[in-house]
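Note: the block below is protein36.csv and it holds CSV, C-alpha atoms.
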chain,number,residue,atom,x,y,z
A,1,MET,CA,-26.3,-79.7,-46.2
A,2,LYS,CA,-26.9,-77.1,-48.9
A,3,GLY,CA,-30.1,-78.9,-49.8
A,4,LYS,CA,-31.3,-78.5,-46.3
A,5,ILE,CA,-30.6,-74.8,-46.5
A,6,ILE,CA,-32.6,-74.6,-49.7
A,7,ALA,CA,-35.4,-76.7,-48.3
A,8,LEU,CA,-35.7,-74.5,-45.2
A,9,PHE,CA,-35.6,-71.3,-47.2
A,10,THR,CA,-38.2,-72.7,-49.6
A,11,ALA,CA,-40.5,-73.7,-46.7
A,12,LEU,CA,-40.2,-70.3,-45.1
A,13,LEU,CA,-40.9,-68.5,-48.4
A,14,PHE,CA,-43.9,-70.7,-49.0
A,15,LEU,CA,-45.2,-70.0,-45.5
A,16,THR,CA,-44.7,-66.3,-46.1
A,17,GLY,CA,-46.6,-66.6,-49.4
A,18,VAL,CA,-49.4,-68.5,-47.9
A,19,SER,CA,-49.7,-66.0,-45.0
A,20,LEU,CA,-49.7,-63.1,-47.5
A,21,PHE,CA,-52.4,-64.9,-49.5
A,22,PHE,CA,-54.6,-65.2,-46.4
A,23,TRP,CA,-53.8,-61.6,-45.4
A,24,ALA,CA,-54.9,-60.4,-48.9
A,25,GLY,CA,-58.0,-62.6,-48.7
A,26,GLU,CA,-59.3,-60.6,-45.7
A,27,SER,CA,-59.5,-57.6,-47.9
A,28,SER,CA,-61.0,-59.2,-50.9
A,29,SER,CA,-62.2,-55.9,-52.4
A,30,GLN,CA,-58.5,-55.0,-53.0
A,31,GLU,CA,-56.6,-56.2,-56.0
A,32,GLY,CA,-53.0,-57.0,-55.8
A,33,LYS,CA,-50.0,-58.2,-57.7
A,34,ILE,CA,-48.2,-61.5,-57.8
A,35,GLY,CA,-44.5,-61.8,-58.0
A,36,TYR,CA,-41.6,-64.2,-57.5
A,37,VAL,CA,-38.0,-64.3,-56.3
A,38,ASP,CA,-35.1,-66.5,-57.2
A,39,SER,CA,-33.9,-67.9,-53.9
A,40,MET,CA,-30.7,-69.3,-55.5
A,41,ARG,CA,-29.8,-65.8,-56.6
A,42,LEU,CA,-30.5,-64.5,-53.1
A,43,ARG,CA,-28.2,-67.2,-51.8
A,44,THR,CA,-25.4,-66.4,-54.2
A,45,GLU,CA,-25.7,-62.6,-54.3
A,46,PHE,CA,-26.6,-61.8,-50.7
A,47,LYS,CA,-23.3,-61.5,-48.8
A,48,GLU,CA,-24.7,-62.8,-45.5
A,49,PHE,CA,-25.6,-66.1,-47.1
A,50,ALA,CA,-22.1,-66.5,-48.5
A,51,ASP,CA,-20.6,-65.7,-45.1
A,52,ALA,CA,-22.9,-68.1,-43.4
A,53,GLN,CA,-22.1,-70.8,-45.9
A,54,ALA,CA,-18.3,-70.2,-45.5
A,55,GLU,CA,-18.6,-70.5,-41.7
A,56,PHE,CA,-20.7,-73.6,-42.0
A,57,ASP,CA,-18.2,-75.2,-44.5
A,58,LYS,CA,-15.4,-74.4,-42.0
A,59,ASP,CA,-17.3,-76.2,-39.2
A,60,VAL,CA,-18.0,-79.2,-41.5
A,61,LYS,CA,-14.4,-79.5,-42.4
A,62,VAL,CA,-13.4,-79.7,-38.7
A,63,TRP,CA,-16.0,-82.4,-38.1
A,64,GLN,CA,-14.9,-84.3,-41.2
A,65,GLU,CA,-11.3,-84.2,-40.1
A,66,GLU,CA,-12.3,-85.6,-36.7
A,67,ILE,CA,-14.2,-88.5,-38.4
A,68,VAL,CA,-11.3,-89.2,-40.8
A,69,GLU,CA,-8.9,-89.3,-37.8
A,70,LEU,CA,-11.1,-91.9,-36.2
A,71,GLU,CA,-11.3,-93.9,-39.4
A,72,GLN,CA,-7.5,-94.0,-39.6
A,73,THR,CA,-7.3,-95.2,-36.0
A,74,ILE,CA,-9.8,-98.0,-36.9
A,75,ASP,CA,-7.8,-98.9,-40.0
A,76,SER,CA,-4.6,-99.0,-38.0
A,77,LEU,CA,-6.2,-101.2,-35.3
A,78,GLU,CA,-7.6,-103.6,-37.9
A,79,GLY,CA,-4.2,-103.9,-39.6
A,80,ASP,CA,-2.4,-104.5,-36.3
A,81,LEU,CA,-5.0,-107.1,-35.3
A,82,ASP,CA,-4.8,-108.9,-38.6
A,83,LYS,CA,-1.0,-109.0,-38.5
A,84,THR,CA,-0.7,-110.2,-34.9
A,85,LYS,CA,-3.8,-112.1,-34.0
A,86,LEU,CA,-2.2,-115.5,-34.5
A,87,LEU,CA,0.7,-114.5,-32.2
A,88,LEU,CA,-1.5,-113.1,-29.4
A,89,SER,CA,-2.9,-114.9,-26.4
A,90,GLU,CA,-6.7,-115.4,-26.4
A,91,ALA,CA,-7.1,-112.7,-23.7
A,92,LYS,CA,-4.9,-110.2,-25.6
A,93,ARG,CA,-6.7,-110.9,-28.9
A,94,LYS,CA,-10.1,-110.4,-27.3
A,95,GLU,CA,-8.9,-107.2,-25.7
A,96,LYS,CA,-7.7,-105.8,-29.1
A,97,GLU,CA,-11.0,-107.0,-30.8
A,98,GLU,CA,-13.0,-105.2,-28.0
A,99,ASN,CA,-10.9,-102.0,-28.5
A,100,LEU,CA,-11.6,-102.2,-32.2
A,101,LYS,CA,-15.3,-102.7,-31.7
A,102,ASN,CA,-15.4,-99.8,-29.3
A,103,GLN,CA,-13.7,-97.5,-31.8
A,104,GLU,CA,-16.1,-98.6,-34.5
A,105,LEU,CA,-19.0,-97.8,-32.2
A,106,GLU,CA,-17.5,-94.4,-31.5
A,107,TYR,CA,-17.1,-93.8,-35.2
A,108,GLN,CA,-20.8,-94.6,-35.8
A,109,ARG,CA,-21.8,-92.4,-32.8
A,110,LEU,CA,-19.7,-89.5,-33.9
A,111,THR,CA,-20.9,-89.7,-37.5
A,112,ASN,CA,-24.5,-89.8,-36.4
A,113,ASP,CA,-23.9,-87.0,-33.8
A,114,VAL,CA,-22.5,-84.7,-36.5
A,115,PHE,CA,-24.4,-85.6,-39.7
A,116,GLY,CA,-27.4,-87.5,-38.5
A,117,PRO,CA,-30.9,-86.1,-38.1
A,118,GLY,CA,-30.8,-83.4,-35.4
A,119,GLY,CA,-27.0,-83.5,-35.5
A,120,ARG,CA,-24.5,-80.8,-35.0
A,121,ALA,CA,-24.4,-80.0,-38.7
A,122,GLU,CA,-28.1,-79.6,-39.0
A,123,ASN,CA,-28.3,-77.5,-35.8
A,124,ARG,CA,-25.4,-75.3,-36.9
A,125,ASN,CA,-26.9,-74.8,-40.3
A,126,ALA,CA,-30.2,-73.7,-38.8
A,127,GLU,CA,-28.3,-71.4,-36.3
A,128,LEU,CA,-26.5,-69.7,-39.1
A,129,THR,CA,-29.4,-69.4,-41.6
A,130,ARG,CA,-32.3,-68.6,-39.3
A,131,PRO,CA,-31.5,-64.8,-38.9
A,132,ILE,CA,-30.9,-64.5,-42.6
A,133,LEU,CA,-34.2,-66.2,-43.5
A,134,GLU,CA,-36.0,-64.0,-40.9
A,135,LYS,CA,-34.4,-60.9,-42.5
A,136,ILE,CA,-35.5,-62.1,-46.0
A,137,ASN,CA,-39.0,-62.7,-44.9
A,138,GLN,CA,-39.2,-59.3,-43.3
A,139,VAL,CA,-38.1,-57.7,-46.6
A,140,LEU,CA,-40.5,-59.9,-48.6
A,141,GLU,CA,-43.4,-58.7,-46.3
A,142,LYS,CA,-42.3,-55.1,-46.5
A,143,ILE,CA,-42.2,-55.2,-50.3
A,144,ALA,CA,-45.5,-57.1,-50.5
A,145,VAL,CA,-47.2,-54.5,-48.3
A,146,GLU,CA,-45.6,-51.4,-49.9
A,147,GLU,CA,-46.0,-52.6,-53.5
A,148,ASN,CA,-49.4,-54.3,-53.1
A,149,TYR,CA,-48.3,-57.9,-53.8
A,150,ILE,CA,-50.8,-60.5,-52.7
A,151,MET,CA,-48.5,-63.4,-53.3
A,152,ILE,CA,-44.7,-63.9,-53.9
A,153,PHE,CA,-43.4,-67.2,-55.0
A,154,ASP,CA,-40.0,-68.8,-55.0
A,155,SER,CA,-39.1,-69.7,-58.6
A,156,VAL,CA,-36.5,-72.3,-57.4
A,157,ASN,CA,-39.0,-74.8,-55.9
A,158,GLY,CA,-40.6,-75.4,-59.2
A,159,ASN,CA,-44.1,-74.1,-58.4
A,160,ILE,CA,-44.2,-71.6,-61.2
A,161,ALA,CA,-45.3,-72.9,-64.6
A,162,TYR,CA,-45.2,-69.4,-66.2
A,163,ALA,CA,-44.2,-66.0,-65.0
A,164,LYS,CA,-43.5,-62.7,-66.8
A,165,THR,CA,-39.9,-61.5,-66.3
A,166,GLY,CA,-41.2,-58.2,-64.9
A,167,LEU,CA,-42.6,-60.1,-61.9
A,168,ASP,CA,-39.1,-61.2,-60.7
A,169,LEU,CA,-38.6,-59.3,-57.4
A,170,THR,CA,-35.2,-60.8,-56.7
A,171,ASP,CA,-33.3,-57.5,-57.5
A,172,LEU,CA,-35.7,-55.5,-55.3
A,173,VAL,CA,-35.2,-58.0,-52.4
A,174,LEU,CA,-31.4,-57.9,-52.8
A,175,GLU,CA,-31.4,-54.1,-52.8
A,176,GLU,CA,-33.5,-54.0,-49.5
A,177,LEU,CA,-31.3,-56.7,-47.9
A,178,ASN,CA,-28.1,-54.8,-48.8
A,179,ARG,CA,-29.6,-51.6,-47.4
A,180,LEU,CA,-30.1,-53.4,-44.1
A,181,GLU,CA,-26.4,-54.1,-43.7
Rendering of file as structure tokens:
Amino acid sequence: MKGKIIALFTALLFLTGVSLFFWAGESSSQEGKIGYVDSMRLRTEFKEFADAQAEFDKDVKVWQEEIVELEQTIDSLEGDLDKTKLLLSEAKRKEKEENLKNQELEYQRLTNDVFGPGGRAENRNAELTRPILEKINQVLEKIAVEENYIMIFDSVNGNIAYAKTGLDLTDLVLEELNRLE
């Protein structure tokens, strides 16, 4: 899940960078600066990210407990069936097997519903991070315009082969984000 947050954040930063590049290209007579941010530092040092992650982790824990409870029910049904299947009538054995099969299908459905593509976890993650990422993009755009940056990269995604330390805008972005609170 954390990887999805990072991927979403990286994609948004990349899109911001590309849009800033094209914005700067329109006024090609102007020179500008290039900078970068460390999105991992933004995630760890910007309180809203930590709060969103804590809330997301709490939701995930509830979902995992629900899944574990269903796993335990299935284990119990399997154990009961193994112990008693020789003593049960054909109809009762089939009934218990059908119940077990339904519980296993429910387990698969629940797991997919929560952690599968487009599931509750993915949607909740997007819900929690979208406003934060929008805020970060606003701050990046503000800094780019005010400080004449034509491009700002994210150092975490590995697209920087070399960059001077003085180009790191992470502290400036964190300051602006903290002023917004």
Check: What is the distance, in Å and to one decimal place, between atom CA of A:Ile150 and atom CA of A:Thr44?
Finding: 26.1 Å
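For the pair atom CA of A:Glu181 and atom CA of A:Leu140, the separation is 16.0 Å.
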Note to self: Just checking: using all atoms listed in the file, which residue out of A:Glu90, A:Glu95, A:Asp168, A:Glu104 ends up closest to A:Thr73?
What the structure shows: A:Glu104
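Going from atom CA of A:Val60 over to atom CA of A:Glu122, you cover 10.4 Å.
Nearest-residue note for A:Ser39: choosing from A:Asn102, A:Asn137, A:Met151, A:Glu146, the minimum distance belongs to A:Asn137, counting all atoms listed in the file.
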Margin query: Report as a PyMOL selection string all protein, DNA and RNA residues lying within 9 Å of stretch 76-80 of chain A, evaluated on only C-alpha atoms, omitting residues in the same chain fewer than 4 positions from it.
Written below: chain A and resi 71-72+84-85+96-97+99-100
Next item on the list: May I have the residues within 9 Å of A:Leu169 as a PyMOL selection string, using all atoms listed in the file and disregarding those fewer than 2 positions away in the same chain?
Entry: chain A and resi 35-38+143+152+166-167+171-174
Put those residues in a file: C-alpha atoms, as a PDB file, keeping the file's coordinate frame.
ATOM      1  CA  GLY A  35     -44.500 -61.800 -58.000  1.00  0.00           C
ATOM      2  CA  TYR A  36     -41.600 -64.200 -57.500  1.00  0.00           C
ATOM      3  CA  VAL A  37     -38.000 -64.300 -56.300  1.00  0.00           C
ATOM      4  CA  ASP A  38     -35.100 -66.500 -57.200  1.00  0.00           C
ATOM      5  CA  ILE A 143     -42.200 -55.200 -50.300  1.00  0.00           C
ATOM      6  CA  ILE A 152     -44.700 -63.900 -53.900  1.00  0.00           C
ATOM      7  CA  GLY A 166     -41.200 -58.200 -64.900  1.00  0.00           C
ATOM      8  CA  LEU A 167     -42.600 -60.100 -61.900  1.00  0.00           C
ATOM      9  CA  ASP A 171     -33.300 -57.500 -57.500  1.00  0.00           C
ATOM     10  CA  LEU A 172     -35.700 -55.500 -55.300  1.00  0.00           C
ATOM     11  CA  VAL A 173     -35.200 -58.000 -52.400  1.00  0.00           C
ATOM     12  CA  LEU A 174     -31.400 -57.900 -52.800  1.00  0.00           C
TER      13      LEU A 174
END
